[in-house]
$ cat my_file10.tsv   # TSV, C-alpha atoms and all ligand atoms
chain	number	residue	atom	x	y	z
P	10	MET	CA	-9.81	0.41	-58.74
P	11	ALA	CA	-10.45	3.58	-60.68
P	12	LEU	CA	-7.56	5.99	-60.80
P	13	ALA	CA	-9.62	8.63	-58.96
P	14	ASP	CA	-10.04	6.25	-55.96
P	15	MET	CA	-6.34	5.64	-55.51
P	16	ARG	CA	-4.71	7.18	-52.52
P	17	PRO	CA	-2.07	9.76	-53.52
P	18	PRO	CA	1.43	8.95	-52.31
P	19	ILE	CA	2.51	10.62	-49.08
P	20	GLU	CA	5.61	12.63	-49.80
P	21	SER	CA	7.34	12.81	-46.46
P	22	GLY	CA	10.97	13.80	-46.99
P	23	CYS	CA	12.62	16.51	-44.99
P	24	PRO	CA	10.17	18.79	-43.10
P	25	ASP	CA	10.28	22.54	-43.61
P	26	GLY	CA	13.03	23.76	-41.29
P	27	PHE	CA	11.60	27.28	-40.82
P	28	GLN	CA	8.91	26.03	-38.44
P	29	TYR	CA	11.62	24.94	-35.98
P	30	MET	CA	13.88	27.98	-36.24
P	31	HIS	CA	14.26	30.71	-33.64
P	32	PRO	CA	12.14	33.76	-34.68
P	33	VAL	CA	15.27	35.96	-34.86
P	34	MET	CA	16.79	33.50	-37.35
P	35	VAL	CA	13.61	33.42	-39.44
P	36	LYS	CA	13.39	37.23	-39.47
P	37	ASN	CA	17.02	37.67	-40.55
P	38	TYR	CA	17.31	34.69	-42.87
P	39	GLY	CA	19.93	35.48	-45.53
P	40	ASN	CA	20.69	38.87	-43.97
P	41	TRP	CA	23.51	38.16	-41.57
P	42	HIS	CA	26.24	40.75	-41.33
P	43	TYR	CA	29.04	38.99	-39.42
P	44	HIS	CA	29.66	36.47	-36.67
P	45	GLU	CA	31.99	36.29	-33.70
P	46	HIS	CA	33.26	33.59	-31.38
P	47	PRO	CA	33.03	35.07	-27.86
P	48	ARG	CA	34.23	31.91	-26.10
P	49	PRO	CA	34.64	28.18	-26.85
P	50	GLY	CA	31.22	26.63	-27.39
P	51	VAL	CA	29.47	29.94	-28.14
P	52	LEU	CA	28.86	31.74	-31.44
P	53	LEU	CA	27.35	35.20	-31.88
P	54	HIS	CA	25.64	36.10	-35.16
P	55	VAL	CA	24.81	39.74	-35.89
P	56	ALA	CA	22.27	40.63	-38.60
P	57	HIS	CA	22.17	43.71	-40.82
P	58	SER	CA	19.03	44.71	-38.89
P	59	GLY	CA	21.15	44.88	-35.70
P	60	ASP	CA	19.52	41.75	-34.23
P	61	LYS	CA	21.87	39.38	-32.40
P	62	ILE	CA	21.60	35.68	-31.65
P	63	TRP	CA	23.87	33.51	-29.52
P	64	THR	CA	24.37	29.79	-30.17
P	65	VAL	CA	25.56	27.51	-27.36
P	66	LYS	CA	26.93	24.14	-28.49
P	67	ALA	CA	27.21	20.98	-26.38
P	68	GLY	CA	28.40	17.49	-27.28
P	69	THR	CA	26.09	14.49	-27.01
P	70	GLN	CA	26.65	10.76	-27.34
P	71	ARG	CA	24.63	10.68	-30.63
P	72	ILE	CA	22.69	7.52	-29.85
P	73	LEU	CA	20.41	9.27	-27.39
P	74	ASP	CA	18.01	7.58	-25.01
P	75	VAL	CA	14.67	9.29	-24.43
P	76	PHE	CA	15.61	10.39	-20.89
P	77	THR	CA	18.69	12.26	-22.12
P	78	LEU	CA	16.69	13.85	-24.93
P	79	ARG	CA	14.05	15.01	-22.45
P	80	LYS	CA	16.77	16.41	-20.21
P	81	LEU	CA	18.34	18.32	-23.12
P	82	CYS	CA	14.93	19.71	-24.14
P	83	GLN	CA	14.09	20.65	-20.56
P	84	ILE	CA	17.31	22.67	-20.35
P	85	GLY	CA	16.34	24.36	-23.64
P	86	ASP	CA	12.88	25.25	-22.28
P	87	GLU	CA	14.04	26.43	-18.87
P	88	GLN	CA	17.38	28.12	-19.59
P	89	GLY	CA	17.15	28.77	-23.32
P	90	GLU	CA	14.33	30.03	-25.51
P	91	GLY	CA	12.89	26.68	-26.58
P	92	PHE	CA	14.83	26.28	-29.87
P	93	VAL	CA	17.49	23.65	-30.56
P	94	ARG	CA	19.09	21.92	-33.51
P	95	PHE	CA	21.38	18.91	-33.84
P	96	THR	CA	24.52	19.24	-35.93
P	97	LEU	CA	25.95	16.67	-38.31
P	98	ARG	CA	28.44	15.67	-35.61
P	99	SER	CA	25.81	14.97	-32.94
P	100	ASN	CA	26.23	18.22	-31.07
P	101	ILE	CA	23.15	20.04	-29.82
P	102	GLU	CA	22.89	23.80	-30.33
P	103	TYR	CA	20.66	26.16	-28.32
P	104	MET	CA	19.77	29.56	-29.82
P	105	VAL	CA	19.04	32.55	-27.56
P	106	ALA	CA	18.48	36.22	-28.44
P	107	ASP	CA	19.26	37.41	-24.92
P	108	GLU	CA	22.95	37.49	-23.98
P	109	ALA	CA	22.08	37.23	-20.27
P	110	LYS	CA	20.84	33.67	-20.86
P	111	VAL	CA	24.17	32.37	-22.25
P	112	GLU	CA	26.08	31.78	-19.00
P	113	PRO	CA	23.12	30.22	-17.06
P	114	LEU	CA	22.51	27.93	-20.06
P	115	ILE	CA	26.15	26.80	-20.08
P	116	LYS	CA	26.01	26.22	-16.34
P	117	ALA	CA	22.80	24.17	-16.61
P	118	LEU	CA	24.34	22.03	-19.35
P	119	GLU	CA	27.57	21.46	-17.42
P	120	ASP	CA	25.70	20.75	-14.17
P	121	ALA	CA	23.75	18.06	-16.04
P	122	GLY	CA	27.02	16.47	-17.24
P	123	PHE	CA	27.12	17.77	-20.82
P	124	VAL	CA	30.27	19.32	-22.28
P	125	VAL	CA	30.11	22.73	-23.93
P	126	GLY	CA	32.57	23.33	-26.79
P	127	GLY	CA	33.22	22.09	-30.31
P	128	THR	CA	33.35	25.49	-32.01
P	129	ALA	CA	36.05	27.17	-34.14
P	130	ASN	CA	39.56	25.67	-33.87
P	131	SER	CA	38.61	22.89	-31.47
P	132	ILE	CA	38.26	19.16	-32.09
P	133	SER	CA	34.61	18.62	-32.90
P	134	THR	CA	32.77	15.49	-31.78
P	135	LEU	CA	33.91	12.43	-33.74
P	136	SER	CA	31.35	11.65	-36.39
P	137	HIS	CA	29.88	8.32	-35.78
P	138	THR	CA	28.57	5.60	-38.09
P	139	GLN	CA	25.66	3.37	-37.15
P	140	GLY	CA	27.61	0.36	-35.92
P	141	TRP	CA	25.89	-2.62	-34.46
P	142	LEU	CA	22.78	-0.67	-33.56
P	143	HIS	CA	21.38	-0.25	-37.09
P	144	CYS	CA	23.69	-1.71	-39.70
P	145	ASP	CA	24.25	-5.22	-41.05
P	146	ILE	CA	27.96	-5.09	-41.94
P	147	PRO	CA	30.03	-3.60	-39.12
P	148	GLY	CA	33.38	-5.12	-38.25
P	149	THR	CA	33.40	-3.28	-34.93
P	150	ASP	CA	31.22	-0.85	-33.03
P	151	ALA	CA	31.63	2.83	-33.86
P	152	SER	CA	30.04	4.16	-30.65
P	153	GLY	CA	32.66	2.61	-28.42
P	154	VAL	CA	35.56	4.05	-30.41
P	155	VAL	CA	33.94	7.50	-30.35
P	156	LYS	CA	33.33	7.38	-26.60
P	157	ALA	CA	36.85	6.12	-25.80
P	158	MET	CA	38.55	8.72	-28.00
P	159	MET	CA	36.40	11.69	-26.97
P	160	ASP	CA	37.12	10.87	-23.31
P	161	GLU	CA	40.80	11.41	-24.13
P	162	LEU	CA	40.26	14.47	-26.35
P	163	ILE	CA	37.71	16.26	-24.16
P	164	ASP	CA	40.04	19.17	-23.32
P	165	ASP	CA	40.47	19.91	-27.01
P	166	PHE	CA	36.69	19.86	-27.47
P	167	LYS	CA	36.27	22.38	-24.65
P	168	ASN	CA	39.17	24.62	-25.73
P	169	CYS	CA	40.28	26.12	-29.03
P	170	ARG	CA	43.95	25.14	-29.12
P	171	MET	CA	44.32	23.63	-32.58
P	172	PRO	CA	45.63	25.54	-35.64
P	173	ASN	CA	42.22	25.07	-37.26
P	174	ARG	CA	39.14	22.91	-36.90
P	175	VAL	CA	39.71	19.14	-36.62
P	176	HIS	CA	37.05	16.72	-37.84
P	177	ILE	CA	37.59	13.10	-36.81
P	178	THR	CA	35.44	10.29	-38.15
P	179	THR	CA	34.92	6.61	-37.46
P	180	SER	CA	33.85	3.86	-39.79
P	181	CYS	CA	32.86	0.38	-38.71
P	182	CYS	CA	33.32	-1.14	-42.18
P	183	GLN	CA	35.82	-0.42	-44.93
P	184	ILE	CA	33.47	0.66	-47.64
P	185	ASN	CA	30.47	2.71	-46.68
P	186	CYS	CA	29.24	5.57	-44.58
P	187	GLY	CA	32.15	6.55	-42.36
P	188	CYS	CA	35.59	7.95	-43.08
P	189	GLN	CA	36.76	11.09	-44.91
P	190	GLY	CA	37.82	13.49	-42.19
P	191	ASP	CA	40.96	15.28	-41.07
P	192	ILE	CA	41.59	12.01	-39.20
P	193	ALA	CA	39.56	8.86	-39.89
P	194	ILE	CA	39.59	5.65	-37.86
P	195	ASN	CA	38.33	2.88	-40.12
P	196	VAL	CA	37.97	-0.85	-39.86
P	197	GLN	CA	40.51	-2.83	-41.86
P	198	HIS	CA	39.87	-6.46	-42.74
P	199	THR	CA	43.10	-8.36	-43.28
P	200	LYS	CA	42.04	-11.71	-44.66
P	201	PRO	CA	39.62	-12.95	-47.35
P	202	PRO	CA	36.19	-14.22	-46.26
P	203	LYS	CA	35.58	-17.79	-45.12
P	204	ILE	CA	32.51	-19.45	-46.63
P	205	ASN	CA	30.04	-21.69	-44.83
P	206	HIS	CA	29.03	-23.73	-47.90
P	207	ASN	CA	26.17	-25.51	-46.10
P	208	LEU	CA	24.28	-22.25	-45.68
P	209	VAL	CA	25.01	-20.34	-48.90
P	210	SER	CA	22.40	-22.11	-51.03
P	211	ASN	CA	19.68	-21.51	-48.41
P	212	VAL	CA	20.49	-17.93	-47.49
P	213	CYS	CA	22.34	-16.02	-50.20
P	214	GLU	CA	21.29	-14.41	-53.44
P	215	ARG	CA	24.35	-15.56	-55.30
P	216	PRO	CA	24.10	-13.19	-58.30
P	217	SER	CA	23.90	-10.19	-55.91
P	218	VAL	CA	26.93	-11.44	-54.00
P	219	VAL	CA	28.95	-11.92	-57.20
P	220	ALA	CA	27.90	-8.47	-58.44
P	221	ARG	CA	28.97	-6.70	-55.26
P	222	CYS	CA	32.64	-7.67	-55.43
P	223	PRO	CA	34.57	-4.68	-56.80
P	224	VAL	CA	37.43	-6.82	-58.17
P	225	ALA	CA	35.40	-9.76	-59.53
P	226	ALA	CA	36.92	-12.20	-57.02
P	227	ILE	CA	33.68	-14.08	-56.24
P	228	ARG	CA	32.42	-16.80	-58.59
P	229	PRO	CA	29.49	-19.23	-58.41
P	230	ALA	CA	30.64	-22.78	-57.62
P	231	MET	CA	29.14	-26.20	-56.81
P	232	VAL	CA	30.45	-27.52	-53.49
P	233	ASN	CA	29.44	-30.97	-52.18
P	234	GLY	CA	26.68	-31.02	-54.81
P	235	LYS	CA	25.15	-27.77	-53.59
P	236	PRO	CA	25.21	-24.35	-55.26
P	237	SER	CA	27.70	-22.15	-53.43
P	238	LEU	CA	30.42	-19.55	-54.08
P	239	GLU	CA	34.20	-19.43	-54.25
P	240	VAL	CA	36.62	-16.57	-53.68
P	241	ASP	CA	39.80	-16.00	-55.67
P	242	GLU	CA	42.01	-15.06	-52.72
P	243	LYS	CA	44.75	-13.63	-54.95
P	244	LYS	CA	42.35	-11.01	-56.25
P	245	CYS	CA	40.46	-10.35	-53.01
P	246	ILE	CA	41.16	-6.98	-51.39
P	247	CYS	CA	39.39	-7.99	-48.13
P	248	CYS	CA	36.82	-5.20	-48.36
P	249	GLY	CA	33.73	-6.94	-46.95
P	250	ALA	CA	31.45	-5.49	-49.65
P	251	TRP	CA	29.51	-8.73	-50.21
P	252	TYR	CA	28.37	-9.10	-46.61
P	253	PRO	CA	24.75	-7.78	-46.67
P	254	PRO	CA	23.47	-10.33	-49.24
P	255	CYS	CA	25.61	-13.19	-47.88
P	256	PRO	CA	26.04	-13.54	-44.08
P	257	PRO	CA	27.41	-17.12	-44.45
P	258	MET	CA	30.60	-15.55	-45.84
P	259	GLN	CA	32.32	-14.24	-42.72
P	260	ILE	CA	35.22	-11.80	-42.76
P	261	ASN	CA	35.19	-10.50	-39.16
P	262	ASP	CA	37.05	-12.02	-36.32
P	263	ALA	CA	38.78	-10.81	-33.21
P	264	GLU	CA	42.26	-11.43	-34.57
P	265	HIS	CA	42.10	-10.31	-38.21
P	266	THR	CA	39.72	-7.36	-38.04
P	267	LYS	CA	41.96	-4.39	-37.38
P	268	LEU	CA	41.71	-0.63	-37.37
P	269	ALA	CA	43.49	1.76	-39.70
P	270	VAL	CA	44.04	5.51	-39.42
P	271	TRP	CA	43.78	7.78	-42.45
P	272	VAL	CA	44.42	11.53	-42.52
P	273	GLY	CA	43.92	14.61	-44.65
P	274	GLY	CA	40.42	14.11	-46.05
P	275	ASN	CA	38.56	17.34	-46.68
P	276	HIS	CA	35.25	17.97	-48.44
P	277	SER	CA	35.58	21.72	-48.29
P	278	ASN	CA	36.49	24.03	-51.17
P	279	ALA	CA	37.27	26.88	-48.76
P	280	ARG	CA	41.04	27.31	-49.20
P	281	GLY	CA	41.97	24.51	-51.58
P	282	LYS	CA	40.24	21.81	-53.53
P	283	PRO	CA	38.71	18.81	-51.70
P	284	THR	CA	41.24	16.10	-50.87
P	285	PHE	CA	41.19	12.35	-50.38
P	286	GLN	CA	42.52	10.99	-47.13
P	287	LYS	CA	45.62	8.77	-47.08
P	288	LEU	CA	46.51	5.74	-44.96
P	289	VAL	CA	49.07	6.48	-42.23
P	290	ALA	CA	48.70	3.58	-39.76
P	291	ALA	CA	47.49	0.05	-40.54
P	292	GLY	CA	46.90	-3.19	-38.67
P	293	ILE	CA	46.09	-1.48	-35.35
P	294	THR	CA	44.62	-3.90	-32.82
P	295	ASN	CA	40.84	-3.55	-32.59
P	296	ASN	CA	40.90	-3.50	-28.83
P	297	PRO	CA	37.63	-2.73	-27.03
P	298	PRO	CA	36.47	-1.29	-24.71
P	299	ARG	CA	39.00	1.60	-24.75
P	300	TRP	CA	40.99	1.13	-28.00
P	301	PRO	CA	44.22	2.48	-26.40
P	302	GLU	CA	46.45	1.70	-29.41
P	303	ALA	CA	44.29	3.60	-31.94
P	304	THR	CA	43.75	6.47	-29.50
P	305	ALA	CA	47.51	6.82	-28.90
P	306	ILE	CA	48.13	7.12	-32.66
P	307	VAL	CA	45.40	9.76	-33.07
P	308	LYS	CA	46.88	11.74	-30.17
P	309	GLN	CA	50.37	11.47	-31.68
P	310	ILE	CA	49.09	12.95	-34.97
P	311	LEU	CA	47.18	15.72	-33.18
P	312	LYS	CA	50.23	16.66	-31.11
P	313	ALA	CA	52.44	16.96	-34.21
P	314	TYR	CA	49.73	18.96	-36.03
P	315	ARG	CA	49.23	21.31	-33.09
P	316	GLU	CA	52.96	21.93	-32.74
P	317	GLY	CA	53.84	22.16	-36.42
P	318	ALA	CA	50.93	23.63	-38.37
P	319	ARG	CA	50.45	27.32	-39.02
P	320	ASP	CA	47.30	29.13	-37.99
P	321	TRP	CA	44.35	28.22	-40.23
P	322	GLU	CA	46.05	25.17	-41.77
P	323	ARG	CA	43.81	22.10	-41.72
P	324	ILE	CA	45.62	18.76	-41.44
P	325	ASN	CA	45.68	18.30	-45.23
P	326	ASP	CA	47.09	21.84	-45.75
P	327	TRP	CA	49.80	21.17	-43.17
P	328	ILE	CA	50.84	17.87	-44.79
P	329	GLU	CA	50.74	19.44	-48.24
P	330	ARG	CA	53.18	22.09	-47.02
P	331	ILE	CA	55.62	19.85	-45.13
P	332	GLY	CA	55.34	16.75	-47.36
P	333	TRP	CA	54.60	13.14	-46.43
P	334	PRO	CA	58.21	12.15	-45.50
P	335	ARG	CA	58.27	14.93	-42.90
P	336	PHE	CA	54.77	13.94	-41.69
P	337	PHE	CA	56.03	10.44	-40.84
P	338	GLU	CA	59.11	11.95	-39.17
P	339	VAL	CA	57.25	14.37	-36.92
P	340	THR	CA	54.47	11.95	-35.95
P	341	GLY	CA	56.91	9.08	-35.33
P	342	LEU	CA	54.67	6.69	-37.27
P	343	PRO	CA	56.53	3.96	-39.18
P	344	PHE	CA	56.33	4.11	-42.98
P	345	THR	CA	55.69	0.62	-44.36
P	346	LYS	CA	54.99	-1.00	-47.73
P	347	TYR	CA	51.26	-0.72	-46.94
P	348	HIS	CA	51.47	3.06	-47.32
P	349	VAL	CA	52.56	2.89	-50.94
P	350	ASP	CA	49.62	3.94	-53.06
P	351	ASN	CA	49.47	1.34	-55.83
P	352	TRP	CA	45.96	2.17	-56.96
P	353	ARG	CA	45.83	2.64	-60.72
P	354	GLY	CA	44.60	6.24	-60.29
P	355	ALA	CA	47.46	7.09	-57.93
P	356	ARG	CA	49.45	8.88	-60.63
P	357	HIS	CA	47.19	11.86	-60.00
P	358	SER	CA	48.04	12.00	-56.31
P	359	LEU	CA	51.76	11.08	-56.35
P	360	ASN	CA	54.13	13.93	-55.68
P	361	ALA	CA	55.86	14.56	-59.00
P	362	SER	CA	57.19	17.98	-58.07
P	363	THR	CA	60.78	18.90	-57.20
P	364	HIS	CA	59.71	21.80	-54.99
P	365	ILE	CA	61.47	21.95	-51.63
P	366	ARG	CA	59.09	21.88	-48.68
P	367	PHE	CA	59.49	23.69	-45.37
R	401	LIG	S1	30.43	2.37	-41.72
R	401	LIG	FE1	29.75	0.48	-42.74
R	401	LIG	S2	29.27	-0.96	-41.09
R	401	LIG	FE2	29.35	1.09	-40.19
R	401	LIG	S3	27.24	1.78	-40.20
R	401	LIG	FE3	28.21	2.53	-42.10
R	401	LIG	S4	27.76	0.95	-43.66
R	401	LIG	FE4	27.36	0.07	-41.63
R	402	LIG	S1	36.09	-9.16	-49.52
R	402	LIG	FE1	35.70	-7.68	-51.20
R	402	LIG	S2	37.26	-8.19	-52.74
R	402	LIG	FE2	37.15	-9.96	-51.33
R	402	LIG	S3	35.68	-11.34	-52.28
R	402	LIG	FE3	34.53	-10.06	-50.85
R	402	LIG	S4	33.75	-8.35	-52.09
R	402	LIG	FE4	35.39	-9.34	-53.27
$ encode --input "my_file10.tsv" --output "structure tokens"
Amino acid sequence: MALADMRPPIESGCPDGFQYMHPVMVKNYGNWHYHEHPRPGVLLHVAHSGDKIWTVKAGTQRILDVFTLRKLCQIGDEQGEGFVRFTLRSNIEYMVADEAKVEPLIKALEDAGFVVGGTANSISTLSHTQGWLHCDIPGTDASGVVKAMMDELIDDFKNCRMPNRVHITTSCCQINCGCQGDIAINVQHTKPPKINHNLVSNVCERPSVVARCPVAAIRPAMVNGKPSLEVDEKKCICCGAWYPPCPPMQINDAEHTKLAVWVGGNHSNARGKPTFQKLVAAGITNNPPRWPEATAIVKQILKAYREGARDWERINDWIERIGWPRFFEVTGLPFTKYHVDNWRGARHSLNASTHIRF
């Protein structure tokens, strides 16, 4: 085929966002003067031109069926001005340039069973990894944990009672797309994988499996005359990283797949530098369908944060000020050997200061 006959590649990528934006937002792009927070779930942006736009935010369940999506869009067409956007945390936002539409829009959303909130110093919707719906390595389902916890935290989504914003995340494996929030609920595998040697030679790409192990614990081996793999259990950190290229190595089970809670992760550079989260509770029973043990721990942490942090302190700022020993005291969480950071880079995060904390 001559080069001239070849079809050019279709560059899809992210579509131009301006075509979906409210006309007031397009007109005032980059020219906003200030914003206010008239009530939980509503933001008001005022442009230098004097134009105003109100944003009404409602939580959704993220994995949306087409009927719910149609309902949300219908509300936007009938009560709003036909413009919506979804946030990173699965909330839907409606933009209106007429203040008189704000209250009827909120009423229509609440009448249809949606919850308005998630702005300013509230608890935003838990961010949600793919779980069993799309991914090949989950140790539990993220959607269920999100639903169970948000049912318990709904009043703090609807109201702004926290010292600052709280981002909570879930992660259904130990290594990939979840985690890193003010509070993160992550899967924790507690035993090395078990290998079904009869299947490995038929199913697995052994070099890929060996290459994926971060601590070089997997080696090729011949078992019963067939090519297979072996795991050095002394080295294994039970991360589950090998799973996509090798399903015959199983690490999940009802007893040994646990949840862990980490706190203090922050991507933002707003008041301090970004911070890594730290483990505060390990070996929590992975207990569907309501995960009461993990939810109780998250609520314990939130209660201590709400009572002890100063205005504007995020969870990492609060812990930085009071120190980790005090954090374990005020939350009532037990400090165990599993909390000792023995990672070789830990010297950068260990507290080497003699400053007294208050
Ligand atoms: S957190 Fe892990 S298991 Fe869950 S969707 Fe992301 S990659 Fe998959
Ligand atoms: S669980 Fe992680 S550390 Fe253990 S063998 Fe598999 S990839 Fe390596």
$ closest_atom_pairs --input "my_file10.tsv" --of "chain P" --to "ligand LIG 402 (chain R)" --cutoff "7 Å" --atoms "all atoms listed in the file" --output "CSV"
residue,atom,partner,partner_atom,distance
P:Pro201,CA,R:LIG402,FE2,5.6
P:Pro202,CA,R:LIG402,S1,6.0
P:Arg221,CA,R:LIG402,S4,6.0
P:Cys222,CA,R:LIG402,S4,3.6
P:Pro223,CA,R:LIG402,FE4,5.9
P:Val224,CA,R:LIG402,S2,5.6
P:Ala225,CA,R:LIG402,FE4,6.3
P:Ala226,CA,R:LIG402,FE4,5.0
P:Ile227,CA,R:LIG402,S3,5.2
P:Val240,CA,R:LIG402,S3,5.5
P:Lys244,CA,R:LIG402,S2,6.8
P:Cys245,CA,R:LIG402,FE2,3.7
P:Ile246,CA,R:LIG402,S2,4.3
P:Cys247,CA,R:LIG402,S1,3.8
P:Cys248,CA,R:LIG402,FE1,3.9
P:Gly249,CA,R:LIG402,S1,4.1
P:Ala250,CA,R:LIG402,S4,4.4
P:Trp251,CA,R:LIG402,S4,4.7
$ residues_near_ligand --input "my_file10.tsv" --ligand "ligand LIG 401 (chain R)" --cutoff "10 Å" --atoms "all atoms listed in the file" --output "PDB file with C-alpha atoms, keeping the file's coordinate frame"
ATOM      1  CA  HIS P 137      29.880   8.320 -35.780  1.00  0.00           C
ATOM      2  CA  THR P 138      28.570   5.600 -38.090  1.00  0.00           C
ATOM      3  CA  GLN P 139      25.660   3.370 -37.150  1.00  0.00           C
ATOM      4  CA  GLY P 140      27.610   0.360 -35.920  1.00  0.00           C
ATOM      5  CA  TRP P 141      25.890  -2.620 -34.460  1.00  0.00           C
ATOM      6  CA  LEU P 142      22.780  -0.670 -33.560  1.00  0.00           C
ATOM      7  CA  HIS P 143      21.380  -0.250 -37.090  1.00  0.00           C
ATOM      8  CA  CYS P 144      23.690  -1.710 -39.700  1.00  0.00           C
ATOM      9  CA  ASP P 145      24.250  -5.220 -41.050  1.00  0.00           C
ATOM     10  CA  ILE P 146      27.960  -5.090 -41.940  1.00  0.00           C
ATOM     11  CA  PRO P 147      30.030  -3.600 -39.120  1.00  0.00           C
ATOM     12  CA  GLY P 148      33.380  -5.120 -38.250  1.00  0.00           C
ATOM     13  CA  THR P 149      33.400  -3.280 -34.930  1.00  0.00           C
ATOM     14  CA  ASP P 150      31.220  -0.850 -33.030  1.00  0.00           C
ATOM     15  CA  ALA P 151      31.630   2.830 -33.860  1.00  0.00           C
ATOM     16  CA  THR P 179      34.920   6.610 -37.460  1.00  0.00           C
ATOM     17  CA  SER P 180      33.850   3.860 -39.790  1.00  0.00           C
ATOM     18  CA  CYS P 181      32.860   0.380 -38.710  1.00  0.00           C
ATOM     19  CA  CYS P 182      33.320  -1.140 -42.180  1.00  0.00           C
ATOM     20  CA  GLN P 183      35.820  -0.420 -44.930  1.00  0.00           C
ATOM     21  CA  ILE P 184      33.470   0.660 -47.640  1.00  0.00           C
ATOM     22  CA  ASN P 185      30.470   2.710 -46.680  1.00  0.00           C
ATOM     23  CA  CYS P 186      29.240   5.570 -44.580  1.00  0.00           C
ATOM     24  CA  GLY P 187      32.150   6.550 -42.360  1.00  0.00           C
ATOM     25  CA  CYS P 188      35.590   7.950 -43.080  1.00  0.00           C
ATOM     26  CA  ASN P 195      38.330   2.880 -40.120  1.00  0.00           C
ATOM     27  CA  VAL P 196      37.970  -0.850 -39.860  1.00  0.00           C
ATOM     28  CA  GLY P 249      33.730  -6.940 -46.950  1.00  0.00           C
ATOM     29  CA  ALA P 250      31.450  -5.490 -49.650  1.00  0.00           C
ATOM     30  CA  TYR P 252      28.370  -9.100 -46.610  1.00  0.00           C
ATOM     31  CA  PRO P 253      24.750  -7.780 -46.670  1.00  0.00           C
TER      32      PRO P 253
END
$ closest_residue --input "my_file10.tsv" --among "P:Asn295, P:Ser217, P:Ser133, P:Thr77" --to "Pro254 in chain P" --atoms "all atoms listed in the file"
P:Ser217
$ closest_residue --input "my_file10.tsv" --among "P:Lys203, P:Arg16, P:Lys267, P:Lys80" --to "Ile293 in chain P" --atoms "all atoms listed in the file"
P:Lys267
$ residues_around --input "my_file10.tsv" --residues "range 29-46 of chain P" --least-positions-apart "2" --cutoff "12 Å" --atoms "only C-alpha atoms" --output "PDB file with C-alpha atoms, in the frame of the given file"
ATOM      1  CA  PRO P  24      10.170  18.790 -43.100  1.00  0.00           C
ATOM      2  CA  ASP P  25      10.280  22.540 -43.610  1.00  0.00           C
ATOM      3  CA  GLY P  26      13.030  23.760 -41.290  1.00  0.00           C
ATOM      4  CA  PHE P  27      11.600  27.280 -40.820  1.00  0.00           C
ATOM      5  CA  ARG P  48      34.230  31.910 -26.100  1.00  0.00           C
ATOM      6  CA  PRO P  49      34.640  28.180 -26.850  1.00  0.00           C
ATOM      7  CA  GLY P  50      31.220  26.630 -27.390  1.00  0.00           C
ATOM      8  CA  VAL P  51      29.470  29.940 -28.140  1.00  0.00           C
ATOM      9  CA  LEU P  52      28.860  31.740 -31.440  1.00  0.00           C
ATOM     10  CA  LEU P  53      27.350  35.200 -31.880  1.00  0.00           C
ATOM     11  CA  HIS P  54      25.640  36.100 -35.160  1.00  0.00           C
ATOM     12  CA  VAL P  55      24.810  39.740 -35.890  1.00  0.00           C
ATOM     13  CA  ALA P  56      22.270  40.630 -38.600  1.00  0.00           C
ATOM     14  CA  HIS P  57      22.170  43.710 -40.820  1.00  0.00           C
ATOM     15  CA  SER P  58      19.030  44.710 -38.890  1.00  0.00           C
ATOM     16  CA  GLY P  59      21.150  44.880 -35.700  1.00  0.00           C
ATOM     17  CA  ASP P  60      19.520  41.750 -34.230  1.00  0.00           C
ATOM     18  CA  LYS P  61      21.870  39.380 -32.400  1.00  0.00           C
ATOM     19  CA  ILE P  62      21.600  35.680 -31.650  1.00  0.00           C
ATOM     20  CA  TRP P  63      23.870  33.510 -29.520  1.00  0.00           C
ATOM     21  CA  THR P  64      24.370  29.790 -30.170  1.00  0.00           C
ATOM     22  CA  VAL P  65      25.560  27.510 -27.360  1.00  0.00           C
ATOM     23  CA  LYS P  66      26.930  24.140 -28.490  1.00  0.00           C
ATOM     24  CA  GLY P  89      17.150  28.770 -23.320  1.00  0.00           C
ATOM     25  CA  GLU P  90      14.330  30.030 -25.510  1.00  0.00           C
ATOM     26  CA  GLY P  91      12.890  26.680 -26.580  1.00  0.00           C
ATOM     27  CA  PHE P  92      14.830  26.280 -29.870  1.00  0.00           C
ATOM     28  CA  VAL P  93      17.490  23.650 -30.560  1.00  0.00           C
ATOM     29  CA  ARG P  94      19.090  21.920 -33.510  1.00  0.00           C
ATOM     30  CA  PHE P  95      21.380  18.910 -33.840  1.00  0.00           C
ATOM     31  CA  GLU P 102      22.890  23.800 -30.330  1.00  0.00           C
ATOM     32  CA  TYR P 103      20.660  26.160 -28.320  1.00  0.00           C
ATOM     33  CA  MET P 104      19.770  29.560 -29.820  1.00  0.00           C
ATOM     34  CA  VAL P 105      19.040  32.550 -27.560  1.00  0.00           C
ATOM     35  CA  ALA P 106      18.480  36.220 -28.440  1.00  0.00           C
ATOM     36  CA  ASP P 107      19.260  37.410 -24.920  1.00  0.00           C
ATOM     37  CA  GLY P 126      32.570  23.330 -26.790  1.00  0.00           C
ATOM     38  CA  GLY P 127      33.220  22.090 -30.310  1.00  0.00           C
ATOM     39  CA  THR P 128      33.350  25.490 -32.010  1.00  0.00           C
ATOM     40  CA  ALA P 129      36.050  27.170 -34.140  1.00  0.00           C
ATOM     41  CA  ASN P 130      39.560  25.670 -33.870  1.00  0.00           C
ATOM     42  CA  SER P 131      38.610  22.890 -31.470  1.00  0.00           C
ATOM     43  CA  CYS P 169      40.280  26.120 -29.030  1.00  0.00           C
TER      44      CYS P 169
END
$ closest_residue --input "my_file10.tsv" --among "P:Asp74, P:Glu20, P:Asp191, P:Asp165" --to "Ser277 in chain P" --atoms "all atoms listed in the file"
P:Asp191
$ atom_distance --input "my_file10.tsv" --atom1 "CA of Thr345 in chain P" --atom2 "CA of Glu322 in chain P"
26.5 Å
